[in-house]
Amino acid sequence: MLKQNITAINNDTFIVDQLNSVFSKIKIIDRSVDKDEIQRQLLDYYRVKFGNPDLADFQYDFIDLFCGAGGLSVGLEQEGFRPVAAVDKDQSAVLTYRFNRPWLTDGSIIHEDIREIVNQDIFPHVPVVVGGPPCQGFSVVNKHKKENDERNELYRFYVHSVGQAKPDIFLLENVEGILQLYSKIKRDFSKVGYIACEPLVFNTKDFGFPQNRKRAFILGIKKEHQRISGELYQLFKDELQRHMRGTTLSLWDAICDLPALEAKTMKNSTYSENAVWGYTVAGFHDADSEYARLVNQGLPIRVPLLNHRSKYNNDRDIQIFQLLRPGEKSDAESIQEINPYKSRADIFRDKFDKLLAEEPCKAITAHMYYDCNMYIHPYQARGLSPREAARVQGFPDDYLFLGSPNEWYRQIGNAVSPLMARVLASGLKQVLERIYRA
């Protein structure tokens, strides 16, 4: 293991600097909270959490390619895996990844377009490489797909990185549409010494999680383990299926304990916050629901309330949010007189979508960066907050997202569900244990 990549937090300059940057932008317009006191409390919390990292908690090292804000890494870390390198070109996502892992060195997190570094020998040998190349070119919700979208080829840089790091196994995550390229993917990995196993397609709701999010997973095995590759693949598949549940948590299970908010009504006020619209940091709250305990795995009951604030909406949209009943969309009779998209209902039927509280949430996506009209809260006339979206995905409550509020949504929507990642990590662990006792 590369122990030089973890250091005790004797110098917490990075955490201090990032919190200073966050709080310097915030404007509390109703004096409802003491910003300086909340900053002090949050810094104390993170100093305790990150002050003495325990290396004994980690069993296997891994590299996270296209890491984003770190959803896949969260699940792996919770199962005893430790990131030693992570790559992404999104600056705000890299800041988020680093803030929540301040024990990593600057050199461990690479803020670059992977296409620019692929010919550099920078990746160490690790047991596992994971990652999900950007998938918008294959997404079924992308109504403007290009046949030759350059993002469809980004997986090739993942292949090259695997060939460089030479892990025992890899895991490639993506939307189901990438399976159109499976034959090509299989050939490309074979050229660098890996067997790309038959893809597995799972929906997070099948594991009891509160989201209808279907994704494809390709396990790769180094050819030197070819003799037992069939057994390894079956171990991985069986372990995932073992975690499947007959009952599914609902959207309301995921968000019911978070404070009520109203839609923001002040234009051009990105960093203005108050008690009605919510806050970037709202002090601490008790997260004691069954679901909160699931996502917060091992955290204290009293945790920071982070990134829980609403987006701006105009009066017309707020009225639409109020008129719609849960489960109704843009074609609902109640909103036709004020629906700006009614003449294009064939294209924009789901431009407005009020979520059902007692069902799993629709898949959280990066589109929330633009608006949350397709993610209307079931009981409140607003879109889901970033924290509510993060809850649905399965991020721990003390996971702070950096960047602008819109960038929080993009980071959360692009992430692999940490809950799903935890299940995947359990399967990867079974495979590695079998390899190392072979």
# chains A, B, ... in the order shown; residues from 1 in each chain; ligands from 1
$ select_by_dssp --residues "segment 212-318 of chain A" --states "strand (DSSP E or B)" --output "MDAnalysis selection string"
chainID A and resid 212 214:222 264 272:274 278:286 302:309 312
$ write_last_selection --atoms "N, CA and C atoms" --output "mmCIF file, in the first residue's frame"
data_model
loop_
_atom_site.group_PDB
_atom_site.id
_atom_site.type_symbol
_atom_site.label_atom_id
_atom_site.label_comp_id
_atom_site.auth_asym_id
_atom_site.auth_seq_id
_atom_site.Cartn_x
_atom_site.Cartn_y
_atom_site.Cartn_z
ATOM 1 N N ASN A 212 -34.982 5.197 -8.777
ATOM 2 C CA ASN A 212 -35.154 4.368 -9.965
ATOM 3 C C ASN A 212 -34.025 4.707 -10.938
ATOM 4 N N LYS A 214 -31.106 2.933 -13.279
ATOM 5 C CA LYS A 214 -30.556 1.721 -13.882
ATOM 6 C C LYS A 214 -29.171 2.027 -14.463
ATOM 7 N N ARG A 215 -28.208 1.168 -14.161
ATOM 8 C CA ARG A 215 -26.860 1.355 -14.665
ATOM 9 C C ARG A 215 -26.254 -0.001 -15.046
ATOM 10 N N ALA A 216 -25.262 0.051 -15.934
ATOM 11 C CA ALA A 216 -24.534 -1.142 -16.362
ATOM 12 C C ALA A 216 -23.171 -1.181 -15.690
ATOM 13 N N PHE A 217 -22.712 -2.373 -15.347
ATOM 14 C CA PHE A 217 -21.429 -2.560 -14.671
ATOM 15 C C PHE A 217 -20.658 -3.671 -15.382
ATOM 16 N N ILE A 218 -19.414 -3.354 -15.702
ATOM 17 C CA ILE A 218 -18.556 -4.347 -16.355
ATOM 18 C C ILE A 218 -17.367 -4.638 -15.438
ATOM 19 N N LEU A 219 -17.287 -5.863 -14.972
ATOM 20 C CA LEU A 219 -16.149 -6.316 -14.176
ATOM 21 C C LEU A 219 -15.057 -6.782 -15.113
ATOM 22 N N GLY A 220 -13.832 -6.329 -14.859
ATOM 23 C CA GLY A 220 -12.702 -6.776 -15.648
ATOM 24 C C GLY A 220 -11.716 -7.546 -14.796
ATOM 25 N N ILE A 221 -11.140 -8.596 -15.365
ATOM 26 C CA ILE A 221 -10.227 -9.471 -14.629
ATOM 27 C C ILE A 221 -8.928 -9.613 -15.410
ATOM 28 N N LYS A 222 -7.818 -9.453 -14.736
ATOM 29 C CA LYS A 222 -6.506 -9.585 -15.368
ATOM 30 C C LYS A 222 -6.358 -11.003 -15.935
ATOM 31 N N LYS A 264 -36.898 29.907 -3.771
ATOM 32 C CA LYS A 264 -36.256 31.221 -3.711
ATOM 33 C C LYS A 264 -36.963 32.160 -4.686
ATOM 34 N N SER A 272 -27.317 34.648 -1.604
ATOM 35 C CA SER A 272 -28.200 35.178 -0.557
ATOM 36 C C SER A 272 -28.995 34.032 0.049
ATOM 37 N N GLU A 273 -29.003 33.961 1.368
ATOM 38 C CA GLU A 273 -29.660 32.852 2.065
ATOM 39 C C GLU A 273 -30.458 33.372 3.247
ATOM 40 N N ASN A 274 -31.495 32.623 3.621
ATOM 41 C CA ASN A 274 -32.274 32.958 4.812
ATOM 42 C C ASN A 274 -32.989 31.707 5.315
ATOM 43 N N GLY A 278 -33.316 28.431 2.895
ATOM 44 C CA GLY A 278 -32.306 27.473 3.314
ATOM 45 C C GLY A 278 -30.899 28.030 3.212
ATOM 46 N N TYR A 279 -29.932 27.189 3.555
ATOM 47 C CA TYR A 279 -28.547 27.637 3.705
ATOM 48 C C TYR A 279 -27.562 26.642 3.089
ATOM 49 N N THR A 280 -26.380 27.165 2.765
ATOM 50 C CA THR A 280 -25.267 26.287 2.418
ATOM 51 C C THR A 280 -24.875 25.461 3.639
ATOM 52 N N VAL A 281 -24.792 26.114 4.785
ATOM 53 C CA VAL A 281 -24.523 25.444 6.056
ATOM 54 C C VAL A 281 -25.515 25.981 7.086
ATOM 55 N N ALA A 282 -26.335 25.112 7.622
ATOM 56 C CA ALA A 282 -27.397 25.545 8.534
ATOM 57 C C ALA A 282 -27.166 25.050 9.952
ATOM 58 N N GLY A 283 -25.919 24.991 10.369
ATOM 59 C CA GLY A 283 -25.666 24.454 11.698
ATOM 60 C C GLY A 283 -25.794 22.944 11.702
ATOM 61 N N PHE A 284 -26.300 22.399 12.815
ATOM 62 C CA PHE A 284 -26.392 20.952 12.983
ATOM 63 C C PHE A 284 -27.844 20.538 13.212
ATOM 64 N N HIS A 285 -28.145 19.299 12.843
ATOM 65 C CA HIS A 285 -29.492 18.766 13.094
ATOM 66 C C HIS A 285 -29.371 17.292 13.423
ATOM 67 N N ASP A 286 -30.455 16.738 13.986
ATOM 68 C CA ASP A 286 -30.483 15.317 14.327
ATOM 69 C C ASP A 286 -30.960 14.520 13.117
ATOM 70 N N ARG A 302 -26.125 13.659 15.522
ATOM 71 C CA ARG A 302 -26.138 15.099 15.256
ATOM 72 C C ARG A 302 -25.041 15.434 14.249
ATOM 73 N N VAL A 303 -25.458 15.855 13.061
ATOM 74 C CA VAL A 303 -24.525 16.091 11.954
ATOM 75 C C VAL A 303 -24.794 17.460 11.337
ATOM 76 N N PRO A 304 -23.835 17.983 10.582
ATOM 77 C CA PRO A 304 -24.062 19.263 9.899
ATOM 78 C C PRO A 304 -25.179 19.145 8.858
ATOM 79 N N LEU A 305 -25.942 20.230 8.708
ATOM 80 C CA LEU A 305 -26.950 20.305 7.650
ATOM 81 C C LEU A 305 -26.354 21.157 6.528
ATOM 82 N N LEU A 306 -26.004 20.513 5.428
ATOM 83 C CA LEU A 306 -25.203 21.140 4.374
ATOM 84 C C LEU A 306 -25.934 21.150 3.033
ATOM 85 N N ASN A 307 -25.731 22.197 2.252
ATOM 86 C CA ASN A 307 -26.224 22.271 0.867
ATOM 87 C C ASN A 307 -27.743 22.084 0.772
ATOM 88 N N HIS A 308 -28.466 22.502 1.806
ATOM 89 C CA HIS A 308 -29.922 22.352 1.804
ATOM 90 C C HIS A 308 -30.538 23.726 1.604
ATOM 91 N N ARG A 309 -30.747 24.084 0.334
ATOM 92 C CA ARG A 309 -31.327 25.376 -0.015
ATOM 93 C C ARG A 309 -32.002 25.244 -1.371
ATOM 94 N N TYR A 312 -33.946 29.403 -7.356
ATOM 95 C CA TYR A 312 -34.873 30.482 -7.715
ATOM 96 C C TYR A 312 -35.948 29.961 -8.652
#
$ select_by_dssp --residues "segment 203-394 of chain A" --states "alpha helix (DSSP H)" --output "PyMOL selection string"
chain A and resi 229-242+251-255+290-295+315-323+386-393
$ write_last_selection --atoms "C-alpha atoms" --output "CSV table (one decimal), in the first residue's frame"
chain,number,residue,atom,x,y,z
A,229,SER,CA,-12.2,-15.9,-14.1
A,230,GLY,CA,-15.5,-17.7,-14.4
A,231,GLU,CA,-15.5,-18.3,-10.6
A,232,LEU,CA,-14.6,-14.7,-9.9
A,233,TYR,CA,-17.3,-13.3,-12.1
A,234,GLN,CA,-19.9,-15.6,-10.4
A,235,LEU,CA,-18.7,-14.5,-7.0
A,236,PHE,CA,-19.2,-10.9,-7.9
A,237,LYS,CA,-22.6,-11.5,-9.4
A,238,ASP,CA,-23.8,-13.6,-6.5
A,239,GLU,CA,-22.7,-11.1,-4.0
A,240,LEU,CA,-24.6,-8.3,-5.7
A,241,GLN,CA,-27.7,-10.4,-6.0
A,242,ARG,CA,-27.4,-11.3,-2.3
A,251,LEU,CA,-38.4,9.3,-1.7
A,252,TRP,CA,-40.1,10.4,1.6
A,253,ASP,CA,-38.1,7.8,3.5
A,254,ALA,CA,-35.0,9.6,2.2
A,255,ILE,CA,-35.9,13.2,2.8
A,290,GLU,CA,-33.7,4.8,9.5
A,291,TYR,CA,-32.5,6.0,6.1
A,292,ALA,CA,-30.3,8.7,7.6
A,293,ARG,CA,-28.6,6.1,9.7
A,294,LEU,CA,-28.1,4.0,6.5
A,295,VAL,CA,-26.4,6.7,4.5
A,315,ASP,CA,-44.2,33.3,-9.7
A,316,ARG,CA,-45.6,31.3,-12.7
A,317,ASP,CA,-43.5,28.2,-11.9
A,318,ILE,CA,-44.3,28.4,-8.2
A,319,GLN,CA,-48.0,28.5,-9.1
A,320,ILE,CA,-47.6,25.4,-11.3
A,321,PHE,CA,-45.8,23.6,-8.5
A,322,GLN,CA,-48.7,24.4,-6.2
A,323,LEU,CA,-51.4,23.3,-8.7
A,386,PRO,CA,-29.1,19.6,-3.4
A,387,ARG,CA,-29.1,17.9,0.0
A,388,GLU,CA,-32.3,16.1,-0.8
A,389,ALA,CA,-30.9,15.0,-4.1
A,390,ALA,CA,-27.7,13.9,-2.3
A,391,ARG,CA,-29.8,12.0,0.2
A,392,VAL,CA,-31.6,10.1,-2.6
A,393,GLN,CA,-28.2,9.2,-4.1
$ residues_around --residues "segment 401-411 of chain A" --least-positions-apart "2" --cutoff "7 Å" --atoms "only C-alpha atoms" --output "list in words"
Gly68, Ala69, Ser92, Ala93, Leu95, Thr96, Asn307, Ala366, Met368, Tyr369, Pro386, Tyr399, Gly413, Asn414 and Ala415 of chain A
$ write_last_selection --atoms "C-alpha atoms" --output "mmCIF file, in the first residue's frame"
data_model
loop_
_atom_site.group_PDB
_atom_site.id
_atom_site.type_symbol
_atom_site.label_atom_id
_atom_site.label_comp_id
_atom_site.auth_asym_id
_atom_site.auth_seq_id
_atom_site.Cartn_x
_atom_site.Cartn_y
_atom_site.Cartn_z
ATOM 1 C CA GLY A 68 -16.384 13.539 -10.045
ATOM 2 C CA ALA A 69 -17.470 14.448 -6.545
ATOM 3 C CA SER A 92 -15.574 22.123 -8.429
ATOM 4 C CA ALA A 93 -15.966 18.326 -8.327
ATOM 5 C CA LEU A 95 -12.469 20.439 -4.786
ATOM 6 C CA THR A 96 -15.405 18.502 -3.335
ATOM 7 C CA ASN A 307 -26.224 22.271 0.867
ATOM 8 C CA ALA A 366 -27.070 16.509 -13.770
ATOM 9 C CA MET A 368 -30.848 19.692 -12.111
ATOM 10 C CA TYR A 369 -27.963 22.095 -12.793
ATOM 11 C CA PRO A 386 -29.118 19.631 -3.434
ATOM 12 C CA TYR A 399 -20.373 15.361 2.732
ATOM 13 C CA GLY A 413 -26.400 14.040 -10.569
ATOM 14 C CA ASN A 414 -23.208 12.832 -12.255
ATOM 15 C CA ALA A 415 -22.150 10.701 -9.277
#
$ decode --residues "segment 156-203 of chain A" --atoms "N, CA and C atoms" --output "short mmCIF file (atom, residue, chain, number, x, y, z; two decimals), in the first residue's frame"
data_model
loop_
_atom_site.label_atom_id
_atom_site.label_comp_id
_atom_site.auth_asym_id
_atom_site.auth_seq_id
_atom_site.Cartn_x
_atom_site.Cartn_y
_atom_site.Cartn_z
N ARG A 156 -12.06 4.71 -23.87
CA ARG A 156 -10.76 4.24 -24.34
C ARG A 156 -9.62 4.75 -23.46
N PHE A 157 -9.81 5.93 -22.86
CA PHE A 157 -8.78 6.46 -21.98
C PHE A 157 -8.82 5.75 -20.62
N TYR A 158 -9.99 5.24 -20.28
CA TYR A 158 -10.11 4.36 -19.11
C TYR A 158 -9.32 3.08 -19.39
N VAL A 159 -9.48 2.51 -20.57
CA VAL A 159 -8.76 1.29 -20.95
C VAL A 159 -7.25 1.52 -20.84
N HIS A 160 -6.78 2.62 -21.39
CA HIS A 160 -5.34 2.90 -21.37
C HIS A 160 -4.83 3.01 -19.93
N SER A 161 -5.61 3.66 -19.06
CA SER A 161 -5.19 3.83 -17.66
C SER A 161 -5.15 2.50 -16.93
N VAL A 162 -6.10 1.62 -17.23
CA VAL A 162 -6.07 0.28 -16.64
C VAL A 162 -4.81 -0.45 -17.08
N GLY A 163 -4.47 -0.33 -18.35
CA GLY A 163 -3.25 -0.98 -18.84
C GLY A 163 -2.01 -0.45 -18.15
N GLN A 164 -2.05 0.81 -17.74
CA GLN A 164 -0.90 1.40 -17.07
C GLN A 164 -0.82 0.99 -15.60
N ALA A 165 -1.95 1.00 -14.90
CA ALA A 165 -1.95 0.68 -13.47
C ALA A 165 -1.87 -0.82 -13.18
N LYS A 166 -2.29 -1.63 -14.15
CA LYS A 166 -2.21 -3.09 -14.04
C LYS A 166 -2.88 -3.63 -12.76
N PRO A 167 -4.12 -3.26 -12.51
CA PRO A 167 -4.81 -3.81 -11.34
C PRO A 167 -5.16 -5.28 -11.55
N ASP A 168 -5.50 -5.96 -10.49
CA ASP A 168 -6.01 -7.33 -10.62
C ASP A 168 -7.39 -7.33 -11.26
N ILE A 169 -8.20 -6.29 -10.90
CA ILE A 169 -9.55 -6.19 -11.44
C ILE A 169 -9.87 -4.72 -11.69
N PHE A 170 -10.87 -4.50 -12.53
CA PHE A 170 -11.41 -3.15 -12.69
C PHE A 170 -12.93 -3.22 -12.70
N LEU A 171 -13.56 -2.06 -12.49
CA LEU A 171 -15.01 -1.96 -12.58
C LEU A 171 -15.35 -0.72 -13.39
N LEU A 172 -16.06 -0.92 -14.49
CA LEU A 172 -16.51 0.16 -15.34
C LEU A 172 -18.01 0.34 -15.14
N GLU A 173 -18.42 1.57 -14.78
CA GLU A 173 -19.84 1.87 -14.55
C GLU A 173 -20.31 2.83 -15.62
N ASN A 174 -21.55 2.64 -16.11
CA ASN A 174 -22.07 3.57 -17.11
C ASN A 174 -23.57 3.34 -17.30
N VAL A 175 -24.17 4.22 -18.10
CA VAL A 175 -25.56 4.01 -18.47
C VAL A 175 -25.67 2.78 -19.35
N GLU A 176 -26.87 2.23 -19.41
CA GLU A 176 -27.08 0.99 -20.15
C GLU A 176 -26.73 1.12 -21.62
N GLY A 177 -26.83 2.34 -22.16
CA GLY A 177 -26.56 2.55 -23.57
C GLY A 177 -25.15 2.23 -24.00
N ILE A 178 -24.21 2.24 -23.05
CA ILE A 178 -22.82 1.95 -23.42
C ILE A 178 -22.65 0.51 -23.88
N LEU A 179 -23.62 -0.33 -23.55
CA LEU A 179 -23.51 -1.74 -23.95
C LEU A 179 -23.59 -1.92 -25.46
N GLN A 180 -23.99 -0.86 -26.18
CA GLN A 180 -23.92 -0.89 -27.64
C GLN A 180 -22.47 -1.12 -28.10
N LEU A 181 -21.53 -0.73 -27.26
CA LEU A 181 -20.12 -0.84 -27.60
C LEU A 181 -19.44 -2.02 -26.91
N TYR A 182 -20.21 -2.90 -26.30
CA TYR A 182 -19.59 -3.93 -25.47
C TYR A 182 -18.57 -4.77 -26.23
N SER A 183 -18.88 -5.17 -27.45
CA SER A 183 -17.93 -6.00 -28.22
C SER A 183 -16.61 -5.27 -28.42
N LYS A 184 -16.69 -3.97 -28.71
CA LYS A 184 -15.49 -3.17 -28.91
C LYS A 184 -14.75 -2.98 -27.58
N ILE A 185 -15.50 -2.73 -26.53
CA ILE A 185 -14.90 -2.57 -25.20
C ILE A 185 -14.14 -3.85 -24.82
N LYS A 186 -14.78 -4.99 -25.07
CA LYS A 186 -14.16 -6.26 -24.73
C LYS A 186 -12.84 -6.46 -25.49
N ARG A 187 -12.83 -6.12 -26.77
CA ARG A 187 -11.61 -6.26 -27.57
C ARG A 187 -10.52 -5.30 -27.08
N ASP A 188 -10.91 -4.07 -26.76
CA ASP A 188 -9.93 -3.07 -26.32
C ASP A 188 -9.28 -3.47 -25.00
N PHE A 189 -10.07 -3.99 -24.07
CA PHE A 189 -9.48 -4.42 -22.80
C PHE A 189 -8.61 -5.66 -23.00
N SER A 190 -8.99 -6.52 -23.91
CA SER A 190 -8.19 -7.71 -24.17
C SER A 190 -6.78 -7.34 -24.64
N LYS A 191 -6.69 -6.26 -25.40
CA LYS A 191 -5.40 -5.81 -25.91
C LYS A 191 -4.44 -5.37 -24.81
N VAL A 192 -4.99 -4.94 -23.66
CA VAL A 192 -4.12 -4.51 -22.55
C VAL A 192 -4.06 -5.57 -21.45
N GLY A 193 -4.58 -6.76 -21.75
CA GLY A 193 -4.39 -7.88 -20.83
C GLY A 193 -5.53 -8.17 -19.88
N TYR A 194 -6.78 -7.82 -20.27
CA TYR A 194 -7.92 -8.00 -19.35
C TYR A 194 -9.11 -8.67 -20.03
N ILE A 195 -9.83 -9.43 -19.22
CA ILE A 195 -11.08 -10.04 -19.64
C ILE A 195 -12.21 -9.13 -19.17
N ALA A 196 -12.97 -8.57 -20.10
CA ALA A 196 -14.14 -7.76 -19.74
C ALA A 196 -15.33 -8.70 -19.66
N CYS A 197 -15.79 -8.97 -18.44
CA CYS A 197 -16.85 -9.96 -18.24
C CYS A 197 -18.19 -9.46 -18.79
N GLU A 198 -19.10 -10.41 -18.91
CA GLU A 198 -20.45 -10.08 -19.38
C GLU A 198 -21.04 -8.97 -18.51
N PRO A 199 -21.58 -7.90 -19.12
CA PRO A 199 -22.11 -6.79 -18.33
C PRO A 199 -23.26 -7.21 -17.42
N LEU A 200 -23.36 -6.54 -16.31
CA LEU A 200 -24.48 -6.71 -15.39
C LEU A 200 -25.25 -5.40 -15.34
N VAL A 201 -26.56 -5.46 -15.42
CA VAL A 201 -27.40 -4.27 -15.37
C VAL A 201 -28.28 -4.36 -14.13
N PHE A 202 -28.17 -3.33 -13.28
CA PHE A 202 -28.95 -3.31 -12.05
C PHE A 202 -29.61 -1.95 -11.87
N ASN A 203 -30.70 -1.97 -11.14
CA ASN A 203 -31.41 -0.74 -10.77
C ASN A 203 -31.25 -0.56 -9.26
#
